[in-house]
file target-v3.txt (compact mmCIF, C-alpha atoms)
# COMPACT_ATOMS: atom_id res chain seq x y z
CA MET A 21 10.21 -28.51 29.89
CA ASP A 22 10.37 -25.10 31.56
CA THR A 23 9.09 -22.92 28.73
CA LYS A 24 9.03 -19.82 30.91
CA SER A 25 12.76 -19.89 31.55
CA SER A 26 13.52 -20.51 27.90
CA THR A 27 11.55 -17.50 26.63
CA SER A 28 11.60 -14.91 29.39
CA SER A 29 14.69 -13.12 28.07
CA ARG A 30 13.68 -13.20 24.41
CA THR A 31 11.87 -10.44 22.59
CA PRO A 32 9.91 -10.61 19.34
CA GLY A 33 12.74 -8.79 17.62
CA ASP A 34 15.25 -11.40 18.82
CA VAL A 35 13.18 -14.22 17.38
CA GLU A 36 12.34 -12.50 14.10
CA SER A 37 15.95 -11.55 13.46
CA GLU A 38 17.31 -15.08 13.88
CA PRO A 39 18.58 -16.73 10.70
CA VAL A 40 16.37 -19.32 9.08
CA ALA A 41 17.39 -22.73 10.35
CA LYS A 42 17.24 -25.92 8.30
CA LYS A 43 13.56 -26.64 7.83
CA SER A 44 12.12 -29.43 9.97
CA ARG A 45 9.75 -31.69 8.10
CA LEU A 46 6.02 -31.68 8.71
CA VAL A 47 4.78 -35.26 8.37
CA TYR A 48 1.10 -35.88 7.75
CA LYS A 49 -0.36 -39.25 8.70
CA THR A 50 -3.79 -40.77 9.12
CA ILE A 51 -4.93 -41.09 12.74
CA ILE A 52 -7.84 -43.44 13.40
CA TYR A 53 -10.25 -42.37 16.09
CA ASP A 54 -10.23 -44.80 19.01
CA GLU A 55 -13.11 -44.31 21.43
CA SER A 56 -11.21 -46.24 24.10
CA VAL A 57 -8.54 -43.50 24.23
CA ALA A 58 -9.60 -40.65 26.51
CA ASN A 59 -9.11 -37.12 25.13
CA GLN A 60 -7.47 -38.47 21.98
CA TRP A 61 -8.01 -35.32 19.91
CA LEU A 62 -6.96 -33.07 22.81
CA ASP A 63 -3.75 -34.92 23.65
CA GLU A 64 -2.71 -35.72 20.10
CA PRO A 65 -4.68 -33.74 17.50
CA PRO A 66 -3.99 -34.67 13.87
CA LEU A 67 -1.50 -32.53 12.01
CA GLU A 68 -4.29 -31.42 9.66
CA VAL A 69 -6.15 -29.90 12.64
CA TRP A 70 -3.04 -27.92 13.59
CA ASP A 71 -2.43 -26.87 10.01
CA HIS A 72 -5.95 -25.78 9.05
CA HIS A 73 -7.56 -24.72 12.34
CA ILE A 74 -5.02 -23.87 15.04
CA ILE A 75 -2.00 -22.34 13.29
CA PRO A 76 -4.13 -19.85 11.24
CA LEU A 77 -5.31 -18.35 14.55
CA LEU A 78 -1.71 -17.38 15.36
CA SER A 79 -0.15 -14.19 14.02
CA LEU A 80 3.30 -14.02 12.46
CA ARG A 81 4.67 -12.85 15.82
CA ASP A 82 2.88 -15.60 17.77
CA LEU A 83 4.29 -18.31 15.55
CA ALA A 84 7.78 -16.80 15.65
CA LEU A 85 7.75 -16.76 19.45
CA SER A 86 6.44 -20.33 19.60
CA ARG A 87 9.68 -21.54 18.00
CA THR A 88 11.35 -21.50 21.40
CA VAL A 89 8.86 -24.02 22.81
CA CYS A 90 9.75 -27.10 20.75
CA THR A 91 10.85 -28.28 17.30
CA PHE A 92 7.22 -28.97 16.43
CA PHE A 93 6.57 -25.22 16.22
CA GLU A 94 9.92 -24.60 14.54
CA ALA A 95 8.72 -26.76 11.65
CA TYR A 96 5.54 -24.72 11.37
CA TRP A 97 7.45 -21.44 11.45
CA GLN A 98 9.75 -22.62 8.67
CA ASP A 99 6.83 -23.85 6.57
CA LYS A 100 4.62 -20.77 6.94
CA PHE A 101 7.41 -18.19 6.67
CA SER A 102 9.13 -19.87 3.72
CA ASN A 103 5.83 -20.05 1.84
CA ASN A 104 4.80 -16.49 2.80
CA VAL A 105 1.50 -17.64 4.28
CA LEU A 106 1.17 -15.36 7.29
CA PRO A 107 0.68 -11.59 6.78
CA LEU A 108 2.08 -8.89 9.04
CA ARG A 109 -0.83 -7.65 11.16
CA VAL A 110 -0.81 -4.10 12.50
CA GLY A 111 -2.11 -4.15 16.07
CA ASN A 112 -0.96 -7.73 16.60
CA ASP A 113 2.45 -8.41 15.09
CA VAL A 114 3.38 -4.73 15.46
CA ALA A 115 1.74 -2.23 17.77
CA THR A 116 1.19 0.59 15.28
CA ILE A 117 1.63 1.41 11.61
CA ASP A 118 4.78 3.38 12.53
CA ASP A 119 6.45 0.07 13.45
CA VAL A 120 5.76 -1.67 10.14
CA MET A 121 8.85 -0.76 8.13
CA GLY A 122 11.26 -1.82 10.89
CA VAL A 123 9.85 -5.35 10.81
CA VAL A 124 9.60 -5.32 7.01
CA GLU A 125 13.34 -4.62 6.86
CA ILE A 126 14.03 -7.67 9.05
CA LEU A 127 11.72 -10.01 7.15
CA SER A 128 12.96 -8.83 3.75
CA SER A 129 16.53 -9.60 4.76
CA ARG A 130 15.56 -13.22 5.45
CA ARG A 131 13.51 -14.06 2.36
CA GLU A 132 12.76 -12.60 -1.05
CA TYR A 133 9.36 -11.09 -1.75
CA THR A 134 8.21 -10.63 -5.35
CA LYS A 135 5.47 -8.92 -7.32
CA LEU A 136 3.50 -12.17 -7.47
CA ASN A 137 4.28 -13.10 -3.85
CA PRO A 138 4.50 -9.81 -1.90
CA LEU A 139 4.70 -9.20 1.82
CA VAL A 140 1.13 -8.44 2.92
CA VAL A 141 0.55 -5.89 5.71
CA LEU A 142 -2.96 -6.19 7.14
CA LEU A 143 -4.56 -3.02 8.50
CA GLY A 144 -7.72 -3.76 10.46
CA LYS A 145 -10.72 -1.58 11.10
CA GLY A 146 -10.39 1.76 12.82
CA ASP A 147 -7.97 4.67 12.53
CA HIS A 148 -4.22 4.06 12.14
CA GLU A 149 -2.33 7.22 13.06
CA ILE A 150 1.09 7.92 11.55
CA THR A 151 3.39 9.88 13.85
CA ASP A 152 6.65 9.37 11.92
CA SER A 153 8.13 12.17 9.82
CA TRP A 154 10.74 12.53 7.08
CA ILE A 155 13.11 15.23 5.85
CA ASP A 156 12.80 16.27 2.20
CA ILE A 157 15.72 17.23 -0.08
CA ASN A 158 15.36 20.87 0.96
CA GLY A 159 15.74 20.00 4.62
CA ASN A 160 12.08 20.54 5.44
CA ASN A 161 10.47 18.27 8.02
CA ARG A 162 7.35 16.57 6.67
CA PRO A 163 5.38 15.25 9.64
CA THR A 164 2.94 12.34 9.77
CA THR A 165 4.57 10.53 6.85
CA ILE A 166 6.01 7.02 6.54
CA GLY A 167 8.77 6.25 4.04
CA ILE A 168 8.43 2.93 2.16
CA THR A 169 11.95 1.49 1.89
CA ARG A 170 11.36 -1.97 0.37
CA SER A 171 9.72 -3.21 -2.81
CA ASN A 172 6.93 -5.79 -3.16
CA ILE A 173 4.63 -4.79 -0.29
CA THR A 174 0.83 -4.84 -0.26
CA PHE A 175 -1.01 -2.75 2.33
CA LEU A 176 -4.47 -4.28 2.73
CA GLY A 177 -7.33 -2.70 4.65
CA VAL A 178 -10.86 -3.98 5.11
CA GLY A 179 -12.72 -1.19 3.30
CA LYS A 180 -12.65 2.54 2.55
CA ASP A 181 -15.28 3.17 5.22
CA THR A 182 -13.64 0.87 7.76
CA THR A 183 -9.84 1.28 7.59
CA THR A 184 -8.46 4.82 7.77
CA ILE A 185 -4.90 6.10 7.77
CA SER A 186 -4.23 9.46 9.43
CA GLY A 187 -1.05 10.50 7.68
CA GLY A 188 0.70 9.91 4.37
CA PHE A 189 3.21 7.72 2.56
CA ARG A 190 6.45 8.59 0.76
CA ILE A 191 7.44 6.02 -1.87
CA GLU A 192 10.82 6.42 -3.57
CA ASN A 193 13.10 4.10 -5.55
CA VAL A 194 11.02 0.96 -5.02
CA GLU A 195 8.47 -0.97 -7.05
CA ASN A 196 5.34 -3.07 -6.70
CA ILE A 197 3.83 -1.18 -3.78
CA THR A 198 0.08 -1.74 -3.55
CA PHE A 199 -2.66 -0.17 -1.41
CA LYS A 200 -6.12 -1.71 -1.21
CA GLN A 201 -9.40 -0.97 0.57
CA MET A 202 -8.62 1.99 2.81
CA THR A 203 -8.90 5.76 3.22
CA VAL A 204 -5.77 7.93 3.54
CA THR A 205 -5.93 11.44 5.01
CA ASN A 206 -2.97 13.76 5.59
CA THR A 207 -3.86 17.21 6.93
CA SER A 208 -0.33 18.18 8.03
CA ALA A 209 1.34 21.21 6.45
CA TYR A 210 2.36 20.42 2.84
CA GLY A 211 1.04 16.93 3.45
CA ASP A 212 0.55 14.53 0.53
CA GLY A 213 -1.62 11.47 0.82
CA ILE A 214 0.71 9.32 -1.28
CA ARG A 215 3.90 10.86 -2.72
CA ILE A 216 5.75 8.90 -5.40
CA GLU A 217 9.17 9.34 -7.01
CA ASN A 218 11.07 6.79 -9.12
CA ALA A 219 8.61 4.08 -8.08
CA LYS A 220 5.78 1.85 -9.30
CA VAL A 221 2.55 1.87 -7.30
CA GLU A 222 -0.94 0.43 -7.61
CA LEU A 223 -4.10 1.61 -5.80
CA MET A 224 -7.35 -0.35 -5.66
CA ASP A 225 -10.50 0.83 -3.87
CA VAL A 226 -8.62 3.59 -2.04
CA ALA A 227 -9.92 7.01 -1.03
CA ILE A 228 -7.44 9.84 -0.47
CA GLU A 229 -9.17 12.71 1.26
CA GLU A 230 -8.40 16.12 2.75
CA ALA A 231 -4.73 16.13 1.74
CA GLU A 232 -3.21 19.47 2.65
CA TYR A 233 -1.19 19.57 -0.58
CA ALA A 234 -2.04 16.73 -3.00
CA GLY A 235 -3.94 13.51 -2.56
CA LEU A 236 -1.73 11.69 -5.05
CA HIS A 237 1.56 13.38 -5.92
CA LEU A 238 3.92 12.06 -8.60
CA VAL A 239 7.00 14.27 -8.38
CA ASP A 240 9.61 15.02 -11.05
CA SER A 241 11.46 11.69 -11.47
CA THR A 242 14.72 10.49 -13.02
CA SER A 243 13.57 6.90 -13.65
CA GLU A 244 10.29 5.27 -14.63
CA THR A 245 7.44 6.23 -12.31
CA THR A 246 3.99 4.71 -12.79
CA VAL A 247 0.69 4.62 -10.95
CA LEU A 248 -2.35 2.49 -11.70
CA ALA A 249 -5.44 3.51 -9.70
CA THR A 250 -8.70 1.54 -9.94
CA ARG A 251 -12.02 2.59 -8.35
CA CYS A 252 -10.29 5.25 -6.28
CA GLU A 253 -11.49 8.61 -4.96
CA PHE A 254 -9.42 11.80 -4.63
CA ALA A 255 -11.50 14.29 -2.70
CA ASN A 256 -11.62 17.44 -0.60
CA GLY A 257 -7.93 18.21 -0.65
CA ASN A 258 -5.86 20.92 -2.29
CA TYR A 259 -5.17 18.97 -5.51
CA GLY A 260 -6.79 15.63 -6.19
CA ALA A 261 -3.88 14.26 -8.24
CA LEU A 262 -0.73 16.19 -9.12
CA VAL A 263 1.33 14.47 -11.85
CA GLU A 264 4.71 16.06 -12.60
CA GLY A 265 6.93 14.81 -15.44
CA THR A 266 10.48 15.73 -16.37
CA ARG A 267 11.03 19.46 -16.37
CA SER A 268 12.67 19.48 -19.80
CA LEU A 269 10.13 20.04 -22.58
CA PHE A 270 12.20 17.78 -24.82
CA GLY A 271 13.04 15.08 -22.30
CA THR A 272 11.84 11.51 -22.36
CA SER A 273 8.51 10.89 -20.64
CA LEU A 274 9.22 8.87 -17.51
CA THR A 275 6.05 9.50 -15.53
CA SER A 276 2.61 8.06 -16.26
CA ALA A 277 -0.59 7.72 -14.28
CA THR A 278 -3.54 5.56 -15.26
CA PHE A 279 -6.93 6.02 -13.61
CA LYS A 280 -9.74 3.50 -14.11
CA ASN A 281 -13.22 4.44 -12.89
CA CYS A 282 -11.83 7.01 -10.47
CA VAL A 283 -13.54 10.11 -9.07
CA PHE A 284 -11.92 13.51 -8.36
CA HIS A 285 -14.16 15.99 -6.55
CA GLY A 286 -14.38 18.78 -4.00
CA ASN A 287 -10.72 19.82 -4.21
CA ARG A 288 -9.72 23.42 -3.52
CA LYS A 289 -7.69 23.66 -6.75
CA ASP A 290 -7.63 21.17 -9.62
CA GLY A 291 -9.06 17.68 -9.71
CA ILE A 292 -6.09 16.61 -11.87
CA GLN A 293 -3.08 18.74 -12.74
CA GLY A 294 -0.41 17.42 -15.09
CA SER A 295 2.91 19.01 -16.07
CA GLY A 296 6.23 18.29 -17.74
CA ASN A 297 6.46 15.28 -20.02
CA SER A 298 4.02 13.18 -18.03
CA THR A 299 1.20 11.13 -19.52
CA ILE A 300 -2.19 10.62 -17.86
CA HIS A 301 -4.72 8.00 -18.98
CA LEU A 302 -8.39 8.03 -17.96
CA HIS A 303 -10.50 4.88 -18.45
CA GLY A 304 -13.95 3.73 -17.40
CA GLU A 305 -17.55 4.89 -17.65
CA ASP A 306 -17.60 5.74 -13.92
CA THR A 307 -14.78 8.27 -14.28
CA ALA A 308 -15.86 11.69 -12.95
CA ILE A 309 -13.95 14.94 -12.35
CA CYS A 310 -16.41 17.35 -10.83
CA SER A 311 -17.06 20.13 -8.33
CA ASN A 312 -13.41 21.14 -7.95
CA GLN A 313 -12.99 24.82 -7.13
CA SER A 314 -10.50 25.65 -9.88
CA CYS A 315 -10.18 23.32 -12.90
CA GLY A 316 -11.32 19.80 -13.51
CA ILE A 317 -8.28 18.86 -15.61
CA SER A 318 -5.41 21.33 -15.99
CA VAL A 319 -2.28 20.46 -18.02
CA TYR A 320 0.81 22.29 -19.24
CA GLY A 321 4.43 21.76 -20.25
CA SER A 322 3.87 18.97 -22.82
CA CYS A 323 1.77 16.84 -20.48
CA LYS A 324 -0.69 14.63 -22.36
CA VAL A 325 -4.06 13.57 -20.98
CA LEU A 326 -5.65 10.74 -22.96
CA ILE A 327 -9.32 10.12 -22.19
CA HIS A 328 -10.19 6.60 -23.32
CA LEU A 329 -13.90 7.42 -23.50
CA PRO A 330 -16.27 8.76 -26.16
CA SER A 331 -16.27 12.54 -26.55
CA HIS A 332 -19.90 12.69 -25.37
CA HIS A 333 -19.01 11.07 -22.02
CA ASN A 334 -19.49 13.58 -19.20
CA THR A 335 -15.93 13.15 -17.88
CA SER A 336 -15.20 16.59 -16.40
CA TYR A 337 -18.04 18.87 -15.34
CA ASN A 338 -19.33 21.44 -12.86
CA ASN A 339 -15.85 22.70 -11.91
CA GLY A 340 -15.27 26.24 -10.69
CA ASP A 341 -13.17 27.84 -13.45
CA GLU A 342 -12.87 25.40 -16.34
CA ASP A 343 -13.57 21.72 -16.89
CA ARG A 344 -10.57 21.37 -19.22
CA HIS A 345 -7.65 23.80 -19.21
CA THR A 346 -4.51 23.51 -21.35
CA TYR A 347 -1.55 25.85 -21.83
CA ALA A 348 2.20 25.86 -22.62
CA GLY A 349 1.97 22.74 -24.75
CA GLY A 350 -0.32 20.56 -22.63
CA THR A 351 -3.06 18.54 -24.41
CA ILE A 352 -6.29 16.76 -23.47
CA THR A 353 -7.59 14.31 -26.06
CA ASN A 354 -10.38 11.75 -26.30
CA VAL A 355 -9.09 8.61 -28.00
CA GLU A 356 -10.78 5.52 -29.41
CA ASP A 357 -9.45 2.20 -28.08
call {"tool": "encode", "arguments": {"input": "target-v3.txt", "output": "structure tokens"}}
result
Amino acid sequence: MDTKSSTSSRTPGDVESEPVAKKSRLVYKTIIYDESVANQWLDEPPLEVWDHHIIPLLSLRDLALSRTVCTFFEAYWQDKFSNNVLPLRVGNDVATIDDVMGVVEILSSRREYTKLNPLVVLLGKGDHEITDSWIDINGNNRPTTIGITRSNITFLGVGKDTTTISGGFRIENVENITFKQMTVTNTSAYGDGIRIENAKVELMDVAIEEAEYAGLHLVDSTSETTVLATRCEFANGNYGALVEGTRSLFGTSLTSATFKNCVFHGNRKDGIQGSGNSTIHLHGEDTAICSNQSCGISVYGSCKVLIHLPSHHNTSYNNGDEDRHTYAGGTITNVED
């Protein structure tokens, strides 16, 4: 079989965009080692060896391209893709982080991802630079920002000190977007680390640093917007976290942010600022809001901050102007769970 001629005119995009064919069956059988057969495991390795040792070394792109070789690989592609086994690897399946959403659109059109079974995007060690931009509702160009256009995606790094993102993310009208084990930095003009509107997002072991505007920015939303951040750090930006609710003082609260054992420090303005009818929850003994140049926690416009810690816990301290600042109806309260 001339595999070169059968694949030379095909691109990864061609293969990935093909419809899912009827799944070929993978048949497992016991193979008895026969010392009289030369190179038995090289010429005919057991299916278990392929499944557990060889196929995992291939990326999603590698396995997709191998479909053109023979039906043997087609069966593996159908099995692994249908069961959502292979993640999308930046630097392997796609060249850069800017290319991720294009491939996500293709894959999402071919199978359904869910909250319990999301599409996983692996971001390896090193710096991943975002060069994309987006236009906001006022016509302003926001550089170095990627728009997330599909729900049920997990972005997985290998550690806050190992995986870094130079740029920010815009998340609107989607749900179940998760970031884990990375650092996000956006120093562009008016740059947010992660900007959220009408969306549901979770952060775990994420640091957002040196954001030109806000590390985490929940903007005024028209539908439910929630964030759950666990063991995260919001540092050395303009605002650590900026949580905006509905502008009406009598409107229904649609925006909430929950922080568990998170740290907010070294920001030029407030560690946390809440407004509108938003609700902010703080949990965990390791919670600290300190050394911000303006206020530790600043709330107004009916925003409620609920601190799920004893009143003697040193939650907000050593901030420039005030540790806790409320006005125009905002409240900060310690509550007993």
call {"tool": "atom_distance", "arguments": {"input": "target-v3.txt", "atom1": "atom CA of A:His72", "atom2": "atom CA of A:Lys100"}}
result
11.9 Å
call {"tool": "closest_residue", "arguments": {"input": "target-v3.txt", "among": "A:Val263, A:Ala348, A:Leu80, A:Cys282", "to": "A:Ser241", "atoms": "all atoms listed in the file"}}
result
A:Val263
call {"tool": "residues_near_point", "arguments": {"input": "target-v3.txt", "point": "(-13.4, 17.1, -17.3)", "cutoff": "7 Å", "atoms": "all atoms listed in the file", "output": "PyMOL selection string"}}
result
chain A and resi 309+316-317+335-337+343-344
call {"tool": "closest_residue", "arguments": {"input": "target-v3.txt", "among": "A:Gly122, A:Gly257, A:Gly213, A:Gly177", "to": "A:Asp225", "atoms": "all atoms listed in the file"}}
result
A:Gly177
call {"tool": "atom_distance", "arguments": {"input": "target-v3.txt", "atom1": "atom CA of A:Lys180", "atom2": "atom CA of A:Asp290"}}
result
22.8 Å
call {"tool": "atom_distance", "arguments": {"input": "target-v3.txt", "atom1": "atom CA of A:Ile150", "atom2": "atom CA of A:Thr207"}}
result
11.5 Å
call {"tool": "decode", "arguments": {"input": "target-v3.txt", "residues": "stretch 263-322 of chain A", "atoms": "C-alpha atoms", "output": "short mmCIF file (atom, residue, chain, number, x, y, z; two decimals), in the first residue's frame"}}
result
data_model
loop_
_atom_site.label_atom_id
_atom_site.label_comp_id
_atom_site.auth_asym_id
_atom_site.auth_seq_id
_atom_site.Cartn_x
_atom_site.Cartn_y
_atom_site.Cartn_z
CA VAL A 263 -17.39 41.64 40.39
CA GLU A 264 -20.18 43.69 38.80
CA GLY A 265 -23.85 42.79 39.26
CA THR A 266 -26.96 44.20 37.64
CA ARG A 267 -26.95 47.98 37.59
CA SER A 268 -30.48 48.24 39.00
CA LEU A 269 -30.47 48.47 42.80
CA PHE A 270 -33.74 46.54 42.84
CA GLY A 271 -32.92 43.96 40.18
CA THR A 272 -32.48 40.25 40.72
CA SER A 273 -28.97 39.17 41.66
CA LEU A 274 -27.56 37.24 38.71
CA THR A 275 -23.85 37.41 39.46
CA SER A 276 -22.01 35.51 42.18
CA ALA A 277 -18.37 34.71 42.86
CA THR A 278 -17.14 32.17 45.38
CA PHE A 279 -13.51 32.14 46.50
CA LYS A 280 -12.09 29.26 48.55
CA ASN A 281 -8.63 29.69 50.08
CA CYS A 282 -7.72 32.41 47.60
CA VAL A 283 -5.19 35.24 48.01
CA PHE A 284 -5.51 38.82 46.70
CA HIS A 285 -2.39 40.95 47.11
CA GLY A 286 -0.20 43.66 45.63
CA ASN A 287 -2.89 45.20 43.41
CA ARG A 288 -2.76 48.90 42.56
CA LYS A 289 -6.40 49.45 43.57
CA ASP A 290 -8.66 47.01 45.41
CA GLY A 291 -8.06 43.36 46.13
CA ILE A 292 -11.80 42.73 45.61
CA GLN A 293 -14.34 45.27 44.40
CA GLY A 294 -18.02 44.35 44.20
CA SER A 295 -20.92 46.39 42.82
CA GLY A 296 -24.53 46.15 41.73
CA ASN A 297 -26.58 43.23 42.98
CA SER A 298 -23.68 40.79 42.98
CA THR A 299 -22.88 38.37 45.80
CA ILE A 300 -19.35 37.39 46.83
CA HIS A 301 -18.55 34.45 49.12
CA LEU A 302 -15.20 33.96 50.85
CA HIS A 303 -14.34 30.55 52.35
CA GLY A 304 -11.25 28.92 53.82
CA GLU A 305 -8.69 29.57 56.53
CA ASP A 306 -6.02 30.38 53.91
CA THR A 307 -8.04 33.28 52.49
CA ALA A 308 -5.99 36.51 52.56
CA ILE A 309 -6.62 39.99 51.12
CA CYS A 310 -3.54 42.02 51.88
CA SER A 311 -1.07 44.66 50.74
CA ASN A 312 -3.34 46.17 48.08
CA GLN A 313 -2.69 49.86 47.53
CA SER A 314 -6.28 51.05 47.93
CA CYS A 315 -8.82 48.81 49.72
CA GLY A 316 -8.78 45.17 50.62
CA ILE A 317 -12.52 44.68 50.02
CA SER A 318 -14.60 47.53 48.58
CA VAL A 319 -18.33 47.12 47.88
CA TYR A 320 -21.21 49.37 46.85
CA GLY A 321 -24.57 49.36 45.10
CA SER A 322 -26.22 46.54 47.11
#
